[in-house]
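S.K.: Got a structure for you, written out below as structure tokens; questions coming shortly.
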2 protein chains.
Amino acid sequence: MATLSDVARRAGVSPATASRVINGSSKPVTDELRERVLAAVAELQYVPNAHAQLLARSHRSAVGVIVHDVSDPYFAEITRGLQRVATDQGRLLMICNSYRDPDRELEYVELLRGHQVAALILAGSGYHDDAFTRQLNEKLAAYEATGGRVAVIGRHEHSGDAVMPDNRAGGYLAGRELCDLGHRAIGVVAGPRILTTTTDRLAGLRQALAEGGHDLPERRIRYAEFDRDGGAEATARLLDADPELTAIVALNDSMAIGALATLRARSLAVPQRVSVVGFDDMPIARDVTPALTTVRLPLVDMGVRAMSLVLGAEAPAPRVEVLPAELVRRDTAGPVPRSTRDTAGAAPRPRRGDDAS
Amino acid sequence: MATLSDVARRAGVSPATASRVINGSSKPVTDELRERVLAAVAELQYVPNAHAQLLARSHRSAVGVIVHDVSDPYFAEITRGLQRVATDQGRLLMICNSYRDPDRELEYVELLRGHQVAALILAGSGYHDDAFTRQLNEKLAAYEATGGRVAVIGRHEHSGDAVMPDNRAGGYLAGRELCDLGHRAIGVVAGPRILTTTTDRLAGLRQALAEGGHDLPERRIRYAEFDRDGGAEATARLLDADPELTAIVALNDSMAIGALATLRARSLAVPQRVSVVGFDDMPIARDVTPALTTVRLPLVDMGVRAMSLVLGAEAPAPRVEVLPAELVRRDTAGPVPRSTRDTAGAAPRPRRGDDAS
DNA sequence: TCCCTGCGGGAAAGGGCTTTCTCTGCGGTA
DNA sequence: TACCGCAGAGAAAGCCCTTTCCCGCAGGGA
């Protein structure tokens, strides 16, 4: 690889001058020398060594992001928001997938610290795991002590800037909707119970059912991976245990799609026989058939907010932005079937689809 | 940030010794010193400066990847394959999204070169754009001249290692299937015509139709963005121009999903009234309703191969691995409707779904 | 004529780490 | 006892840039 001194030598100038030309330094350089340098750069196809640059300027510019999996639509949307703000400010993003492995998450914090990122954003759910949480907080504290900025998206046990989707309220909306439609036998297809996202959504759901006079026994909850296959499998187990269920809440849309697959495989009509409500409103939710009724989270906006927090002015006290959840009524949730309908009659509600053309 | 010399000072040793302990150098260090260093590292929460390390060792380890968009399922799958091999070999991946912007693609080549990546993988489609291709090849040549390894996925006019999905054969399979089902009025929802992926798939399709005795006039092709909305919109235009179409080939699955949305919005039954064939077999293809008939590409494997090429031994001559396409029959392609069926009678074929449970 | 100023350029000091080279001191052999 | 060899530790030379500091020179004011 050609180096700066190669360029300088070829142009017949000092490395200092070459550097100034290449970086558009404020220090003036005569046009003649400038051109010689530029010519040398072109001839040698010179590209500055990024590591040397980063080492030489103490400038920290890149931002580190840790997500569970960028290719999961939930995180893809959040990342889109993060990216938008970062790009606007000329920041490079280093994105790491933890694949929901706490150890890997800790490793990535170190890795990103080592890469001298200016800020760190943790975009995955929190874990109910005290040992892990303590370790993580130690590492984050060490990072913050050296001037690093940290923001978390949807995680509780870290006292710092945070963007929180209102998972609990979202769970409540889903539960409330099904209660209003007259459902009582409601099953839940849940993500890993160690995730705070799961438990928060569940808590809201439970509250809504309680207000409707129902409870949510553990046997009507199945925990599985937060993805399509997890949802399909959990739904199968749920139906095996309790064939009379009239509604299923999936704690994210991927799981909901798995649930729909299982229901289709078993020829249980949605929503006539079983209603389904998802969570997140991923883009694909409107394209499955029937279109998925779900709880929308402003995913892109969550990313935007988190990145803005972390790149903006430092605040004296931790800021917590709670972003609201919203019920999106499409076609997978309907009134409880007649045969199983109980006294709490449910007036049919208008549905809406939102397809293109 | 604590530095190596801070650690050394605290442990009462030289930086050299500290470095050796931390990196598990082959040079022996007494247990006593080793422990002192380790203790200092823990107390100071020391993390080595990655840039300084990368600068000091001439060792290149990371691998750069340029894709159109990781959150697009097509690239997400490929990336999964790339990642798998990279992780096995302890390599870090730097993934960049070009968002199909040629200029950005060129910039990223420079950026990654600057970051001293050991290899570069271009995972997007090639472009029909001579000026761009020339520039790209210049940059890649400069990179290769300094020992960098390069592999491309898809057809690029780059003479070097390559992994090629057999897009043409895939297009042929789609066309052949529809011909066999008796369709003649076939519309195509295509991606940007500047992409070689688009033109290759189209070429195969055209060949199949020609063999079936039909042609594929330009008016039955609509070019749009390679995503869901592009597919929805192109389908709408196609139907407006030619309401008699009995089949639509979408050149990727995202577009196919958009096509299904438009057809649903217009109450055109799939596959009874209009058949649809997609391309790629993204994971979601089996979960839409009806499940999507599509052409499968071994996406993960493509990533695995590309990374293996680039991390394996250097070959004297460029290696080109062509990976086959395969038709996956699900539920969106059926026989041409009776009313429009012509002489080339089509025997109904068995369909298969492949849902879970 | 002399001094000061300001401009354009180079020398050199880091920045944090790795690694080669060098040095010291010890045990073993002749 | 003298010498050799080697283990273990440190000194120092890079790796490739950026940026401060300094220097020489030309022009302007006194």
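In the structure tokens, the first chain shown is A, the next is B, and so on; residue numbers restart at 1 for each chain, and ligands run from 1 in the order shown.
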Compute the chain A side of the contact with chain C at 10 Å, counting only C-alpha atoms (C1' of nucleotides), and hand it back as a VMD selection string.
M.R.: chain A and resid 13 to 17 27 to 30 52 to 58
S.K.: Residues of chain B within 6 Å of chain A, counting only C-alpha atoms - could you list those as a list in words?
M.R.: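 Per the criterion, chain B yields Met1, Val47, Pro48, Asn49, Ala50, His51, Ser71, Ala76, Gly114, His115, Thr146, Thr262, Val288, Thr289 and Ser357 of chain B.
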S.K.: Taking into account only C-alpha atoms (C1' of nucleotides), which residue in the set D:DA9, D:DC25, D:DA30, D:DC17 is nearest to chain A?
M.R.: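 Closest residue, counting only C-alpha atoms (C1' of nucleotides): D:DC17.
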S.K.: Enumerate as a ChimeraX atom specification the residues belonging to chain D that approach chain A to within 9 Å, with only C-alpha atoms (C1' of nucleotides) taken into account.
M.R.: /D:15-19
S.K.: Run DSSP on the backbone and give me the residues of region 55-290 of chain A it puts in alpha helix (DSSP H), as an MDAnalysis selection string.
M.R.: chainID A and resid 55:56 73:88 102:114 130:145 167:180 196:211 228:241 253:265
S.K.: C1' of DG5 (chain D) and CA of Leu33 (chain B), how far apart in Å?
M.R.: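 Distance reported for this atom pair: 24.0 Å.
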S.K.: Run DSSP on the backbone and grab whatever in region 47-270 of chain B lands in strand (DSSP E); send it over as a PyMOL selection string.
M.R.: chain B and resi 63-67+93-97+119-122+149-153+161-165+186-190+221-223+247-250
S.K.: For Val310 (chain B), find every residue with an atom within 8 Å (counting only C-alpha atoms (C1' of nucleotides)), except residues of its own chain fewer than 4 positions away, and show them as an NGL selection string.
M.R.: :B and (119-121 or 149-151 or 161 or 306 or 314)
S.K.: Could those selected residues go to a file with N, CA, C and O atoms, as a PDB file, in the first residue's frame?
M.R.:
```pdb
ATOM      1  N   ALA B 119      -9.854  -8.577   2.705  1.00  0.00           N
ATOM      2  CA  ALA B 119     -10.581  -8.984   1.510  1.00  0.00           C
ATOM      3  C   ALA B 119     -11.834  -8.147   1.365  1.00  0.00           C
ATOM      4  O   ALA B 119     -12.285  -7.502   2.310  1.00  0.00           O
ATOM      5  N   LEU B 120     -12.371  -8.203   0.166  1.00  0.00           N
ATOM      6  CA  LEU B 120     -13.513  -7.365  -0.174  1.00  0.00           C
ATOM      7  C   LEU B 120     -14.510  -8.238  -0.917  1.00  0.00           C
ATOM      8  O   LEU B 120     -14.135  -8.958  -1.837  1.00  0.00           O
ATOM      9  N   ILE B 121     -15.769  -8.167  -0.502  1.00  0.00           N
ATOM     10  CA  ILE B 121     -16.784  -8.931  -1.214  1.00  0.00           C
ATOM     11  C   ILE B 121     -17.879  -7.990  -1.680  1.00  0.00           C
ATOM     12  O   ILE B 121     -18.456  -7.258  -0.872  1.00  0.00           O
ATOM     13  N   ARG B 149      -7.743  -9.362  -1.479  1.00  0.00           N
ATOM     14  CA  ARG B 149      -8.492 -10.384  -2.205  1.00  0.00           C
ATOM     15  C   ARG B 149      -9.887  -9.854  -2.483  1.00  0.00           C
ATOM     16  O   ARG B 149     -10.465  -9.159  -1.643  1.00  0.00           O
ATOM     17  N   VAL B 150     -10.422 -10.205  -3.624  1.00  0.00           N
ATOM     18  CA  VAL B 150     -11.740  -9.714  -4.009  1.00  0.00           C
ATOM     19  C   VAL B 150     -12.596 -10.851  -4.528  1.00  0.00           C
ATOM     20  O   VAL B 150     -12.116 -11.710  -5.268  1.00  0.00           O
ATOM     21  N   ALA B 151     -13.852 -10.883  -4.126  1.00  0.00           N
ATOM     22  CA  ALA B 151     -14.805 -11.782  -4.759  1.00  0.00           C
ATOM     23  C   ALA B 151     -16.102 -11.024  -4.984  1.00  0.00           C
ATOM     24  O   ALA B 151     -16.443 -10.133  -4.217  1.00  0.00           O
ATOM     25  N   ASP B 161     -12.414 -13.930  -8.789  1.00  0.00           N
ATOM     26  CA  ASP B 161     -13.273 -14.936  -8.199  1.00  0.00           C
ATOM     27  C   ASP B 161     -14.716 -14.426  -8.134  1.00  0.00           C
ATOM     28  O   ASP B 161     -14.952 -13.267  -7.841  1.00  0.00           O
ATOM     29  N   ALA B 306     -18.644 -17.456  -1.300  1.00  0.00           N
ATOM     30  CA  ALA B 306     -17.880 -16.236  -1.586  1.00  0.00           C
ATOM     31  C   ALA B 306     -16.827 -16.011  -0.504  1.00  0.00           C
ATOM     32  O   ALA B 306     -15.663 -15.734  -0.796  1.00  0.00           O
ATOM     33  N   GLU B 314      -5.146 -18.590  -2.628  1.00  0.00           N
ATOM     34  CA  GLU B 314      -5.283 -17.823  -3.846  1.00  0.00           C
ATOM     35  C   GLU B 314      -5.155 -18.777  -5.031  1.00  0.00           C
ATOM     36  O   GLU B 314      -4.342 -19.694  -5.007  1.00  0.00           O
TER      37      GLU B 314
END
```
